[in-house]
$ cat upload38.txt   # compact mmCIF, C-alpha atoms
# COMPACT_ATOMS: atom_id res chain seq x y z
CA MET A 27 -128.96 30.47 100.32
CA ASN A 28 -127.36 33.69 101.55
CA VAL A 29 -123.64 33.50 100.95
CA VAL A 30 -121.01 35.98 102.11
CA VAL A 31 -117.73 35.81 100.20
CA VAL A 32 -114.77 37.78 101.59
CA LEU A 33 -111.55 38.58 99.74
CA GLY A 34 -108.49 39.10 101.95
CA HIS A 35 -105.96 40.04 99.27
CA PRO A 36 -105.21 43.75 98.81
CA SER A 37 -104.75 43.63 95.04
CA ALA A 38 -107.62 43.42 92.55
CA ASN A 39 -105.37 41.80 89.90
CA SER A 40 -104.08 39.06 92.17
CA TYR A 41 -104.60 35.35 91.73
CA CYS A 42 -106.69 35.32 94.93
CA ALA A 43 -108.95 37.97 93.40
CA ALA A 44 -109.39 35.73 90.33
CA ILE A 45 -110.49 32.81 92.54
CA PHE A 46 -112.80 35.15 94.45
CA GLN A 47 -114.33 36.39 91.19
CA ALA A 48 -114.86 32.88 89.80
CA VAL A 49 -116.42 31.56 93.00
CA SER A 50 -118.80 34.50 93.46
CA GLU A 51 -119.87 34.45 89.81
CA ALA A 52 -120.57 30.71 89.90
CA LEU A 53 -122.59 30.98 93.11
CA LYS A 54 -124.66 33.93 91.87
CA LYS A 55 -126.62 31.61 89.56
CA GLN A 56 -128.41 29.94 92.44
CA HIS A 57 -127.67 31.90 95.60
CA GLN A 58 -127.79 35.43 97.00
CA VAL A 59 -124.15 36.40 97.12
CA SER A 60 -122.64 39.33 99.02
CA ALA A 61 -119.12 39.74 97.73
CA ILE A 62 -116.83 41.80 99.98
CA ARG A 63 -113.46 43.04 98.79
CA LEU A 64 -112.02 44.37 102.03
CA ALA A 65 -109.21 46.36 100.41
CA ASP A 66 -111.47 48.01 97.81
CA GLU A 67 -113.95 48.92 100.52
CA ASN A 68 -111.09 50.58 102.45
CA PHE A 69 -111.80 48.55 105.53
CA VAL A 70 -109.81 49.85 108.50
CA THR A 71 -107.49 47.06 109.68
CA ALA A 72 -106.86 47.76 113.35
CA MET A 73 -109.45 47.95 116.10
CA SER A 74 -109.34 51.47 117.50
CA SER A 75 -109.17 52.50 121.10
CA ALA A 76 -112.82 53.65 121.08
CA GLU A 77 -113.89 50.35 119.56
CA ARG A 78 -111.98 48.39 122.16
CA ARG A 79 -113.75 50.30 124.92
CA ALA A 80 -117.13 49.74 123.22
CA TYR A 81 -116.29 46.02 122.87
CA GLU A 82 -116.81 45.62 126.62
CA THR A 83 -120.27 47.21 126.49
CA GLU A 84 -123.71 46.23 125.15
CA GLN A 85 -123.24 48.39 122.03
CA PRO A 86 -119.95 47.28 120.48
CA LEU A 87 -120.75 48.31 116.89
CA ILE A 88 -119.91 51.99 116.70
CA SER A 89 -119.21 52.59 113.02
CA ASP A 90 -121.39 52.28 109.93
CA GLU A 91 -119.01 49.92 108.15
CA THR A 92 -119.01 47.36 110.97
CA LYS A 93 -122.81 47.65 111.34
CA ARG A 94 -123.27 46.85 107.67
CA TYR A 95 -121.04 43.75 107.84
CA ALA A 96 -122.75 42.61 111.03
CA GLU A 97 -126.11 42.75 109.28
CA LEU A 98 -124.79 40.63 106.41
CA LEU A 99 -123.44 38.09 108.89
CA GLN A 100 -126.72 37.80 110.76
CA ASN A 101 -128.45 36.68 107.56
CA ALA A 102 -125.65 34.55 106.16
CA GLU A 103 -125.91 30.79 105.77
CA ALA A 104 -122.47 30.25 104.29
CA LEU A 105 -119.22 32.15 104.82
CA ILE A 106 -116.47 31.84 102.24
CA PHE A 107 -113.00 33.34 102.76
CA VAL A 108 -110.49 33.72 99.94
CA TYR A 109 -107.11 34.96 101.13
CA PRO A 110 -103.35 34.49 100.80
CA THR A 111 -101.65 32.86 103.79
CA TRP A 112 -98.90 35.15 105.07
CA TRP A 113 -96.65 34.04 107.92
CA SER A 114 -98.91 30.97 108.21
CA GLY A 115 -101.85 33.15 109.26
CA LEU A 116 -104.56 35.46 108.01
CA PRO A 117 -103.56 38.77 106.40
CA ALA A 118 -103.87 41.55 108.98
CA GLN A 119 -106.88 43.14 107.29
CA LEU A 120 -108.93 39.94 107.39
CA LYS A 121 -107.89 39.31 110.98
CA GLY A 122 -109.00 42.87 111.75
CA TRP A 123 -112.36 42.18 110.14
CA PHE A 124 -113.02 39.41 112.67
CA GLU A 125 -111.84 41.55 115.57
CA ARG A 126 -114.03 44.51 114.64
CA VAL A 127 -117.18 42.77 113.35
CA PHE A 128 -117.36 39.51 115.34
CA VAL A 129 -118.42 41.17 118.60
CA LEU A 130 -121.03 40.73 121.32
CA GLY A 131 -124.49 40.43 119.77
CA VAL A 132 -123.06 39.37 116.40
CA ALA A 133 -120.73 36.40 116.92
CA PHE A 134 -121.58 35.56 120.52
CA ARG A 135 -123.92 36.42 123.37
CA PHE A 136 -124.12 35.72 127.07
CA ASN A 137 -126.68 33.28 128.44
CA ALA A 138 -128.51 33.59 131.79
CA ASN A 139 -125.46 32.22 133.63
CA ASN A 140 -123.21 34.77 131.96
CA LYS A 141 -121.52 32.14 129.81
CA ILE A 142 -120.49 32.81 126.23
CA ARG A 143 -122.77 31.18 123.67
CA PRO A 144 -122.51 31.20 119.86
CA ASN A 145 -124.78 33.66 118.10
CA LEU A 146 -124.17 32.83 114.43
CA GLN A 147 -126.23 29.64 114.39
CA ASN A 148 -127.64 30.72 111.03
CA VAL A 149 -124.24 29.92 109.47
CA ARG A 150 -124.11 26.32 108.24
CA HIS A 151 -120.95 26.38 106.15
CA ILE A 152 -117.50 27.85 106.63
CA ILE A 153 -115.32 27.50 103.55
CA GLY A 154 -111.72 28.66 103.30
CA VAL A 155 -109.77 29.06 100.07
CA SER A 156 -106.15 29.99 100.51
CA THR A 157 -102.89 30.17 98.59
CA TYR A 158 -99.65 29.17 100.29
CA GLY A 159 -96.11 29.96 99.19
CA SER A 160 -94.87 26.91 101.10
CA PRO A 161 -95.46 23.25 100.27
CA TRP A 162 -98.15 21.27 102.12
CA ARG A 163 -95.69 19.52 104.42
CA TYR A 164 -94.21 22.79 105.69
CA VAL A 165 -97.67 24.32 106.14
CA LYS A 166 -98.63 21.37 108.37
CA LEU A 167 -95.38 21.68 110.30
CA VAL A 168 -96.06 25.29 111.29
CA ASN A 169 -99.67 24.35 112.12
CA ASP A 170 -101.59 26.14 109.30
CA ASN A 171 -102.63 28.91 111.66
CA GLY A 172 -105.04 30.74 109.36
CA ARG A 173 -107.00 27.54 108.82
CA ARG A 174 -107.09 26.85 112.56
CA THR A 175 -108.42 30.33 113.23
CA LEU A 176 -111.28 29.94 110.75
CA THR A 177 -112.24 26.31 111.23
CA ARG A 178 -111.89 26.24 115.00
CA ALA A 179 -111.94 29.68 116.65
CA ILE A 180 -114.46 31.27 114.27
CA ARG A 181 -116.44 28.06 113.82
CA ALA A 182 -117.07 27.97 117.58
CA SER A 183 -119.31 31.04 117.09
CA THR A 184 -121.56 29.23 114.61
CA GLY A 185 -123.97 26.32 114.87
CA LEU A 186 -123.08 22.94 116.29
CA ARG A 187 -123.55 21.25 112.93
CA THR A 188 -121.68 23.81 110.86
CA ARG A 189 -119.58 22.09 108.21
CA THR A 190 -116.18 23.33 107.20
CA MET A 191 -114.34 22.85 103.95
CA TRP A 192 -110.81 23.77 103.00
CA CYS A 193 -109.30 24.35 99.55
CA GLY A 194 -105.60 25.16 99.57
CA LEU A 195 -103.16 25.71 96.75
CA TYR A 196 -99.70 24.91 98.13
CA ALA A 197 -96.23 25.83 96.85
CA LEU A 198 -97.75 28.59 94.76
CA ASP A 199 -94.34 29.86 93.60
CA THR A 200 -93.56 26.65 91.75
CA CYS A 201 -97.06 26.09 90.33
CA THR A 202 -97.60 26.25 86.59
CA ALA A 203 -100.29 28.37 84.95
CA ALA A 204 -102.21 25.15 84.23
CA ASP A 205 -102.15 24.20 87.94
CA ARG A 206 -103.57 27.56 88.87
CA GLU A 207 -106.27 27.38 86.21
CA LYS A 208 -107.25 23.91 87.37
CA PHE A 209 -107.35 24.99 91.02
CA ILE A 210 -109.85 27.74 90.19
CA THR A 211 -112.23 25.42 88.32
CA ASP A 212 -111.90 22.59 90.87
CA THR A 213 -112.46 24.90 93.82
CA THR A 214 -115.46 26.57 92.21
CA ASP A 215 -117.03 23.17 91.39
CA LYS A 216 -116.44 21.86 94.89
CA ILE A 217 -117.99 24.87 96.57
CA VAL A 218 -120.99 25.00 94.24
CA ARG A 219 -121.63 21.29 94.74
CA ARG A 220 -121.41 21.57 98.53
CA LEU A 221 -123.84 24.49 98.75
CA ASN A 222 -126.28 23.13 96.17
CA LYS A 223 -126.47 19.83 98.01
CA ASP A 224 -127.40 21.68 101.18
CA VAL A 225 -130.19 23.56 99.38
CA GLN A 226 -131.64 20.31 98.00
CA ARG A 227 -131.87 18.72 101.42
CA MET B 28 -79.03 41.75 125.59
CA LYS B 29 -80.39 44.23 123.05
CA THR B 30 -84.12 43.76 123.44
CA LEU B 31 -86.91 45.04 121.24
CA VAL B 32 -90.24 45.18 123.05
CA ILE B 33 -93.24 45.27 120.72
CA TYR B 34 -96.31 46.37 122.65
CA VAL B 35 -99.77 46.22 121.11
CA HIS B 36 -102.95 47.29 122.86
CA PRO B 37 -105.34 50.08 121.87
CA VAL B 38 -106.34 51.12 125.40
CA GLU B 39 -103.72 52.88 127.51
CA ASP B 40 -104.85 51.76 130.99
CA SER B 41 -105.28 48.11 130.00
CA PHE B 42 -103.94 45.09 131.87
CA ASN B 43 -101.46 44.61 129.03
CA SER B 44 -100.01 48.06 129.62
CA ALA B 45 -99.34 47.08 133.24
CA VAL B 46 -97.66 43.92 131.98
CA ARG B 47 -95.55 46.02 129.61
CA ASP B 48 -94.41 48.30 132.44
CA ALA B 49 -93.53 45.33 134.65
CA VAL B 50 -91.55 43.70 131.85
CA ILE B 51 -89.63 46.85 130.95
CA SER B 52 -88.71 47.71 134.52
CA ASP B 53 -87.41 44.20 135.20
CA LEU B 54 -85.50 44.08 131.90
CA SER B 55 -83.84 47.43 132.63
CA ALA B 56 -83.00 46.32 136.15
CA ALA B 57 -81.31 43.25 134.69
CA SER B 58 -79.24 45.67 132.53
CA HIS B 59 -80.71 44.72 129.18
CA VAL B 60 -80.82 47.50 126.59
CA VAL B 61 -84.50 48.02 125.82
CA ARG B 62 -86.17 49.65 122.84
CA LEU B 63 -89.92 49.96 123.16
CA ARG B 64 -92.23 50.10 120.15
CA ASP B 65 -95.83 50.94 120.97
CA LEU B 66 -97.56 50.29 117.65
CA TYR B 67 -100.89 51.91 118.57
CA ALA B 68 -99.28 55.02 120.06
CA GLU B 69 -97.16 55.41 116.92
CA ASN B 70 -100.25 55.07 114.72
CA PHE B 71 -98.56 52.28 112.79
CA ASN B 72 -100.52 51.38 109.65
CA PRO B 73 -100.90 47.57 109.67
CA PHE B 74 -102.43 47.34 106.20
CA LEU B 75 -100.15 45.84 103.55
CA SER B 76 -101.41 47.62 100.44
CA ALA B 77 -101.45 46.28 96.89
CA ALA B 78 -98.68 48.71 95.92
CA GLU B 79 -96.49 47.51 98.77
CA ARG B 80 -97.28 43.90 98.00
CA ALA B 81 -95.93 44.48 94.49
CA LEU B 82 -92.56 45.36 96.10
CA HIS B 83 -92.39 41.92 97.75
CA HIS B 84 -89.13 40.91 96.06
CA THR B 85 -87.43 44.30 96.15
CA PRO B 86 -84.85 45.48 98.72
CA PRO B 87 -85.99 47.43 101.80
CA THR B 88 -84.79 50.73 100.31
CA THR B 89 -87.99 50.79 98.23
CA ARG B 90 -89.95 51.20 101.48
CA PRO B 91 -88.30 54.12 103.28
CA GLU B 92 -91.33 54.58 105.57
CA LEU B 93 -90.37 51.29 107.27
CA ALA B 94 -86.67 52.16 107.70
CA ARG B 95 -87.02 52.47 111.46
CA ASP B 96 -88.56 49.01 111.78
CA VAL B 97 -85.83 47.50 109.60
CA GLU B 98 -83.16 49.15 111.73
CA ASP B 99 -84.79 47.82 114.93
CA LEU B 100 -85.03 44.30 113.57
CA ARG B 101 -81.37 44.23 112.52
CA TRP B 102 -80.27 45.77 115.82
CA CYS B 103 -81.95 43.53 118.36
CA GLU B 104 -80.86 40.20 119.83
CA ALA B 105 -84.22 39.45 121.41
CA ILE B 106 -87.82 40.40 120.69
CA VAL B 107 -90.45 40.50 123.42
CA PHE B 108 -94.02 40.76 122.17
CA VAL B 109 -96.60 42.04 124.65
CA TYR B 110 -100.15 41.76 123.29
CA PRO B 111 -103.65 40.43 123.95
CA THR B 112 -104.72 37.28 122.08
CA TRP B 113 -107.87 37.97 120.08
CA TRP B 114 -109.70 35.26 118.15
CA ALA B 115 -106.96 32.81 119.09
CA GLY B 116 -104.27 34.81 117.31
CA LEU B 117 -102.27 38.00 117.07
CA PRO B 118 -104.18 41.30 116.94
CA ALA B 119 -104.40 42.64 113.38
CA MET B 120 -102.06 45.48 114.36
CA LEU B 121 -99.28 43.05 115.28
CA LYS B 122 -99.95 40.69 112.37
CA GLY B 123 -99.79 43.69 110.06
CA TRP B 124 -96.47 44.75 111.55
CA ILE B 125 -95.06 41.30 110.80
CA ASP B 126 -96.65 41.23 107.32
CA ARG B 127 -95.08 44.56 106.43
CA THR B 128 -91.70 44.64 108.17
CA TRP B 129 -90.43 41.05 108.00
CA MET B 130 -89.53 41.70 104.40
CA ASN B 131 -87.11 40.56 101.73
CA GLU B 132 -83.42 41.02 102.68
CA VAL B 133 -84.43 41.80 106.27
CA ALA B 134 -86.14 38.65 107.53
CA TRP B 135 -85.43 36.36 104.58
CA VAL B 136 -83.68 36.22 101.26
CA LEU B 137 -84.25 34.13 98.16
CA PRO B 138 -80.85 33.35 96.62
CA ALA B 139 -80.67 33.24 92.84
CA GLY B 140 -81.48 29.75 91.60
CA ALA B 141 -82.80 28.53 94.97
CA ASN B 142 -86.42 27.62 95.49
CA THR B 143 -86.59 28.05 99.25
CA ILE B 144 -85.95 31.19 101.25
CA ARG B 145 -83.08 31.55 103.75
CA PRO B 146 -83.32 33.23 107.17
CA ARG B 147 -81.71 36.63 107.56
CA LEU B 148 -82.47 37.65 111.16
CA THR B 149 -79.68 35.51 112.56
CA ASN B 150 -78.97 38.27 115.09
CA ILE B 151 -82.12 37.27 116.98
CA THR B 152 -81.57 34.47 119.49
CA ARG B 153 -84.59 34.91 121.75
CA LEU B 154 -88.28 35.35 121.01
CA VAL B 155 -90.64 35.87 123.92
CA ALA B 156 -94.42 36.25 123.70
CA VAL B 157 -96.18 37.72 126.71
CA THR B 158 -99.91 37.51 126.12
CA THR B 159 -103.33 37.32 127.75
CA HIS B 160 -106.17 35.01 126.74
CA GLY B 161 -109.80 35.61 127.65
CA SER B 162 -110.55 31.89 127.35
CA SER B 163 -109.08 28.97 129.24
CA LYS B 164 -106.01 26.98 128.31
CA PHE B 165 -108.26 24.04 127.41
CA VAL B 166 -110.24 26.05 124.85
CA ASN B 167 -107.02 27.40 123.36
CA ALA B 168 -105.56 23.91 123.11
CA LEU B 169 -108.69 22.78 121.25
CA GLN B 170 -108.28 25.64 118.81
CA GLY B 171 -104.68 24.67 118.16
CA GLU B 172 -103.07 27.89 119.52
CA PRO B 173 -102.69 29.65 116.13
CA GLY B 174 -101.13 32.77 117.66
CA LYS B 175 -98.53 30.79 119.57
CA ARG B 176 -97.49 28.82 116.50
CA ILE B 177 -97.05 31.93 114.37
CA ILE B 178 -94.45 33.19 116.84
CA THR B 179 -92.78 29.96 117.92
CA ARG B 180 -92.69 28.40 114.45
CA SER B 181 -93.42 30.65 111.46
CA ILE B 182 -91.35 33.66 112.39
CA ARG B 183 -88.82 31.80 114.53
CA VAL B 184 -87.61 30.07 111.38
CA MET B 185 -86.32 33.43 110.09
CA CYS B 186 -84.21 34.01 113.22
CA ASN B 187 -80.99 32.42 114.40
CA ARG B 188 -80.79 28.65 114.08
CA TRP B 189 -80.49 28.35 117.88
CA CYS B 190 -83.14 30.94 118.60
CA ARG B 191 -85.26 29.99 121.61
CA ALA B 192 -88.92 30.90 121.73
CA ARG B 193 -90.73 31.27 125.05
CA TRP B 194 -94.45 31.54 125.69
CA ILE B 195 -95.61 33.40 128.79
CA ALA B 196 -99.38 33.53 128.83
CA HIS B 197 -102.12 34.42 131.27
CA TYR B 198 -105.05 32.19 130.36
CA GLY B 199 -108.67 32.66 131.42
CA LEU B 200 -108.46 36.42 131.94
CA ASP B 201 -112.27 36.69 131.71
CA LYS B 202 -112.65 34.71 134.92
CA SER B 203 -109.43 35.46 136.72
CA THR B 204 -109.47 37.11 140.13
CA VAL B 205 -107.64 40.25 141.17
CA GLN B 206 -105.14 38.05 143.02
CA ASP B 207 -104.42 36.01 139.87
CA ARG B 208 -103.70 39.16 137.92
CA GLN B 209 -101.61 40.64 140.69
CA HIS B 210 -99.59 37.46 140.83
CA HIS B 211 -99.06 37.54 137.07
CA LEU B 212 -97.89 41.16 137.19
CA GLU B 213 -95.47 40.40 140.01
CA THR B 214 -93.87 37.40 138.29
CA VAL B 215 -94.04 38.24 134.58
CA GLY B 216 -90.98 40.52 134.56
CA GLN B 217 -88.73 37.90 136.12
CA ARG B 218 -90.08 35.24 133.76
CA VAL B 219 -89.10 37.37 130.78
CA VAL B 220 -85.66 38.06 132.26
CA HIS B 221 -85.29 34.33 132.81
CA ALA B 222 -86.26 33.64 129.20
CA LEU B 223 -83.51 35.97 127.97
CA ARG B 224 -80.73 34.22 129.87
$ encode --input "upload38.txt" --output "structure tokens"
Amino acid sequence: MNVVVVLGHPSANSYCAAIFQAVSEALKKQHQVSAIRLADENFVTAMSSAERRAYETEQPLISDETKRYAELLQNAEALIFVYPTWWSGLPAQLKGWFERVFVLGVAFRFNANNKIRPNLQNVRHIIGVSTYGSPWRYVKLVNDNGRRTLTRAIRASTGLRTRTMWCGLYALDTCTAADREKFITDTTDKIVRRLNKDVQR
Amino acid sequence: MKTLVIYVHPVEDSFNSAVRDAVISDLSAASHVVRLRDLYAENFNPFLSAAERALHHTPPTTRPELARDVEDLRWCEAIVFVYPTWWAGLPAMLKGWIDRTWMNEVAWVLPAGANTIRPRLTNITRLVAVTTHGSSKFVNALQGEPGKRIITRSIRVMCNRWCRARWIAHYGLDKSTVQDRQHHLETVGQRVVHALR
């Protein structure tokens, strides 16, 4: 299975980066993994004026970096996002990645009646792994906006049967080292099991 | 009311820029003091780097490049955001502005011994979001309105306890007619003024 794993945390020594590393290493044994560290690849966060103008046309991909990510997406069967939740949403750089890469011809297309149709039907799994400073109850109260964006807005661009999975570590500030260690192993196991089961079917 | 207008759109002749102009002219006419921040025109860098992330618990003096934003946040009594909704949420530029500038000792503070943060922007009593959606209200409701909740819940919590958040949105922009848009432009300014009462 072709798996794309995206890290949304800027620091390579962060806890998120450790989860990202563990998940991609574990998946590499049986799958083709493309691991993307957005910060290390110096991905430009904001959509530029030229890109916004191109967005309305037939050729929205105008830079090499976005073309490369678009190609990865078109062959992906599973998308995994590892990121810290800031202000209940995605970090700006990850949000920018969707804005700049999920464009016409990649994420969606128009049908004969000029209606928007999903174009990432090759994607069968969307998996989010996130760390939250707040406890679960508070995250629910403010609506868990990053999760909504991925499992609803982004999922609408993929196949009808696409499955989503969510692994969250809440109240990170009060977690012990053992909790964090356990979260990494549990999350890795869960993801590997989910994707391996799909391959067997 | 001292009003900070945060405008985010990369293209200068966009519909959102017309909305911005309508909002500012009506606010000025209603004798509000307006400060406009155009994040794209200022070339604001929305990327919160690893080095800056390491300063998360330090005072704002460690980030002198954001001094202007800090000053604006502490000055204003109302914030009006004017932006397009992309992928159900805030554009990365605006999310990055919030990520970077709503910092320790400005937006929130963690008192010694406490395990929850306390709001610090108690000067802000009004939050207004003026946005456009390509998709319909129904589709946005299905998606759970992530952008709306970030403004009316997540960041509102850091403002005054009685802070009121208002949502002024033009849904279904992809299919709207010229008349719809004209109507929105004619009424949006007064709706914002009304929200600041």
$ interface_residues --input "upload38.txt" --of "chain A" --to "chain B" --cutoff "10 Å" --atoms "all atoms listed in the file" --output "VMD selection string"
chain A and resid 35 to 40 65 68 to 79 112 to 126 128 159 to 160 164 to 165 167 to 182 199 to 200
$ write_last_selection --input "upload38.txt" --atoms "C-alpha atoms" --output "PDB file, in the frame of the given file"
ATOM      1  CA  HIS A  35    -105.960  40.040  99.270  1.00  0.00           C
ATOM      2  CA  PRO A  36    -105.210  43.750  98.810  1.00  0.00           C
ATOM      3  CA  SER A  37    -104.750  43.630  95.040  1.00  0.00           C
ATOM      4  CA  ALA A  38    -107.620  43.420  92.550  1.00  0.00           C
ATOM      5  CA  ASN A  39    -105.370  41.800  89.900  1.00  0.00           C
ATOM      6  CA  SER A  40    -104.080  39.060  92.170  1.00  0.00           C
ATOM      7  CA  ALA A  65    -109.210  46.360 100.410  1.00  0.00           C
ATOM      8  CA  ASN A  68    -111.090  50.580 102.450  1.00  0.00           C
ATOM      9  CA  PHE A  69    -111.800  48.550 105.530  1.00  0.00           C
ATOM     10  CA  VAL A  70    -109.810  49.850 108.500  1.00  0.00           C
ATOM     11  CA  THR A  71    -107.490  47.060 109.680  1.00  0.00           C
ATOM     12  CA  ALA A  72    -106.860  47.760 113.350  1.00  0.00           C
ATOM     13  CA  MET A  73    -109.450  47.950 116.100  1.00  0.00           C
ATOM     14  CA  SER A  74    -109.340  51.470 117.500  1.00  0.00           C
ATOM     15  CA  SER A  75    -109.170  52.500 121.100  1.00  0.00           C
ATOM     16  CA  ALA A  76    -112.820  53.650 121.080  1.00  0.00           C
ATOM     17  CA  GLU A  77    -113.890  50.350 119.560  1.00  0.00           C
ATOM     18  CA  ARG A  78    -111.980  48.390 122.160  1.00  0.00           C
ATOM     19  CA  ARG A  79    -113.750  50.300 124.920  1.00  0.00           C
ATOM     20  CA  TRP A 112     -98.900  35.150 105.070  1.00  0.00           C
ATOM     21  CA  TRP A 113     -96.650  34.040 107.920  1.00  0.00           C
ATOM     22  CA  SER A 114     -98.910  30.970 108.210  1.00  0.00           C
ATOM     23  CA  GLY A 115    -101.850  33.150 109.260  1.00  0.00           C
ATOM     24  CA  LEU A 116    -104.560  35.460 108.010  1.00  0.00           C
ATOM     25  CA  PRO A 117    -103.560  38.770 106.400  1.00  0.00           C
ATOM     26  CA  ALA A 118    -103.870  41.550 108.980  1.00  0.00           C
ATOM     27  CA  GLN A 119    -106.880  43.140 107.290  1.00  0.00           C
ATOM     28  CA  LEU A 120    -108.930  39.940 107.390  1.00  0.00           C
ATOM     29  CA  LYS A 121    -107.890  39.310 110.980  1.00  0.00           C
ATOM     30  CA  GLY A 122    -109.000  42.870 111.750  1.00  0.00           C
ATOM     31  CA  TRP A 123    -112.360  42.180 110.140  1.00  0.00           C
ATOM     32  CA  PHE A 124    -113.020  39.410 112.670  1.00  0.00           C
ATOM     33  CA  GLU A 125    -111.840  41.550 115.570  1.00  0.00           C
ATOM     34  CA  ARG A 126    -114.030  44.510 114.640  1.00  0.00           C
ATOM     35  CA  PHE A 128    -117.360  39.510 115.340  1.00  0.00           C
ATOM     36  CA  GLY A 159     -96.110  29.960  99.190  1.00  0.00           C
ATOM     37  CA  SER A 160     -94.870  26.910 101.100  1.00  0.00           C
ATOM     38  CA  TYR A 164     -94.210  22.790 105.690  1.00  0.00           C
ATOM     39  CA  VAL A 165     -97.670  24.320 106.140  1.00  0.00           C
ATOM     40  CA  LEU A 167     -95.380  21.680 110.300  1.00  0.00           C
ATOM     41  CA  VAL A 168     -96.060  25.290 111.290  1.00  0.00           C
ATOM     42  CA  ASN A 169     -99.670  24.350 112.120  1.00  0.00           C
ATOM     43  CA  ASP A 170    -101.590  26.140 109.300  1.00  0.00           C
ATOM     44  CA  ASN A 171    -102.630  28.910 111.660  1.00  0.00           C
ATOM     45  CA  GLY A 172    -105.040  30.740 109.360  1.00  0.00           C
ATOM     46  CA  ARG A 173    -107.000  27.540 108.820  1.00  0.00           C
ATOM     47  CA  ARG A 174    -107.090  26.850 112.560  1.00  0.00           C
ATOM     48  CA  THR A 175    -108.420  30.330 113.230  1.00  0.00           C
ATOM     49  CA  LEU A 176    -111.280  29.940 110.750  1.00  0.00           C
ATOM     50  CA  THR A 177    -112.240  26.310 111.230  1.00  0.00           C
ATOM     51  CA  ARG A 178    -111.890  26.240 115.000  1.00  0.00           C
ATOM     52  CA  ALA A 179    -111.940  29.680 116.650  1.00  0.00           C
ATOM     53  CA  ILE A 180    -114.460  31.270 114.270  1.00  0.00           C
ATOM     54  CA  ARG A 181    -116.440  28.060 113.820  1.00  0.00           C
ATOM     55  CA  ALA A 182    -117.070  27.970 117.580  1.00  0.00           C
ATOM     56  CA  ASP A 199     -94.340  29.860  93.600  1.00  0.00           C
ATOM     57  CA  THR A 200     -93.560  26.650  91.750  1.00  0.00           C
TER      58      THR A 200
END
$ residues_around --input "upload38.txt" --residues "A:Ala102" --least-positions-apart "6" --cutoff "8 Å" --atoms "only C-alpha atoms" --output "NGL selection string"
:A and (27-30 or 148-149)
$ axis_aligned_box --input "upload38.txt" --around "stretch 78-93 of chain B" --padding-each-side "5 Å" --output "lines of an AutoDock Vina configuration file"
center_x = -91.7
center_y = 47.7
center_z = 100.9
size_x = 23.9
size_y = 23.7
size_z = 22.8
$ atom_distance --input "upload38.txt" --atom1 "atom CA of B:Asp48" --atom2 "atom CA of B:Val61"
11.9 Å
$ residues_around --input "upload38.txt" --residues "B:Arg153" --least-positions-apart "4" --cutoff "8 Å" --atoms "all atoms listed in the file" --output "PyMOL selection string"
chain B and resi 104-106+190-193+222-223
$ atom_distance --input "upload38.txt" --atom1 "atom CA of B:Pro138" --atom2 "atom CA of B:Met185"
14.5 Å
$ atom_distance --input "upload38.txt" --atom1 "atom CA of A:Gly185" --atom2 "atom CA of A:Gln47"
27.5 Å
$ closest_residue --input "upload38.txt" --among "A:Asn145, A:Thr213, A:Thr157, A:Asn139" --to "A:Ser183" --atoms "only C-alpha atoms"
A:Asn145
$ residues_around --input "upload38.txt" --residues "stretch 194-204 of chain B" --least-positions-apart "6" --cutoff "7 Å" --atoms "all atoms listed in the file" --output "PyMOL selection string"
chain B and resi 155-164
$ closest_residue --input "upload38.txt" --among "A:Leu195, A:Ile106, A:Ala138, A:Val218" --to "A:Gly34" --atoms "all atoms listed in the file"
A:Ile106
$ residues_around --input "upload38.txt" --residues "B:Val220" --least-positions-apart "4" --cutoff "8 Å" --atoms "all atoms listed in the file" --output "NGL selection string"
:B and (53-54 or 57 or 216 or 224)
$ closest_residue --input "upload38.txt" --among "B:Asn131, B:Thr152, B:Ala139, B:Val109" --to "B:Met28" --atoms "only C-alpha atoms"
B:Thr152
$ residues_around --input "upload38.txt" --residues "stretch 92-100 of chain A" --least-positions-apart "2" --cutoff "7 Å" --atoms "only C-alpha atoms" --output "list in words"
Leu87, Ser89, Asp90, Ala102, Arg126, Val127, Val132 and Leu146 of chain A
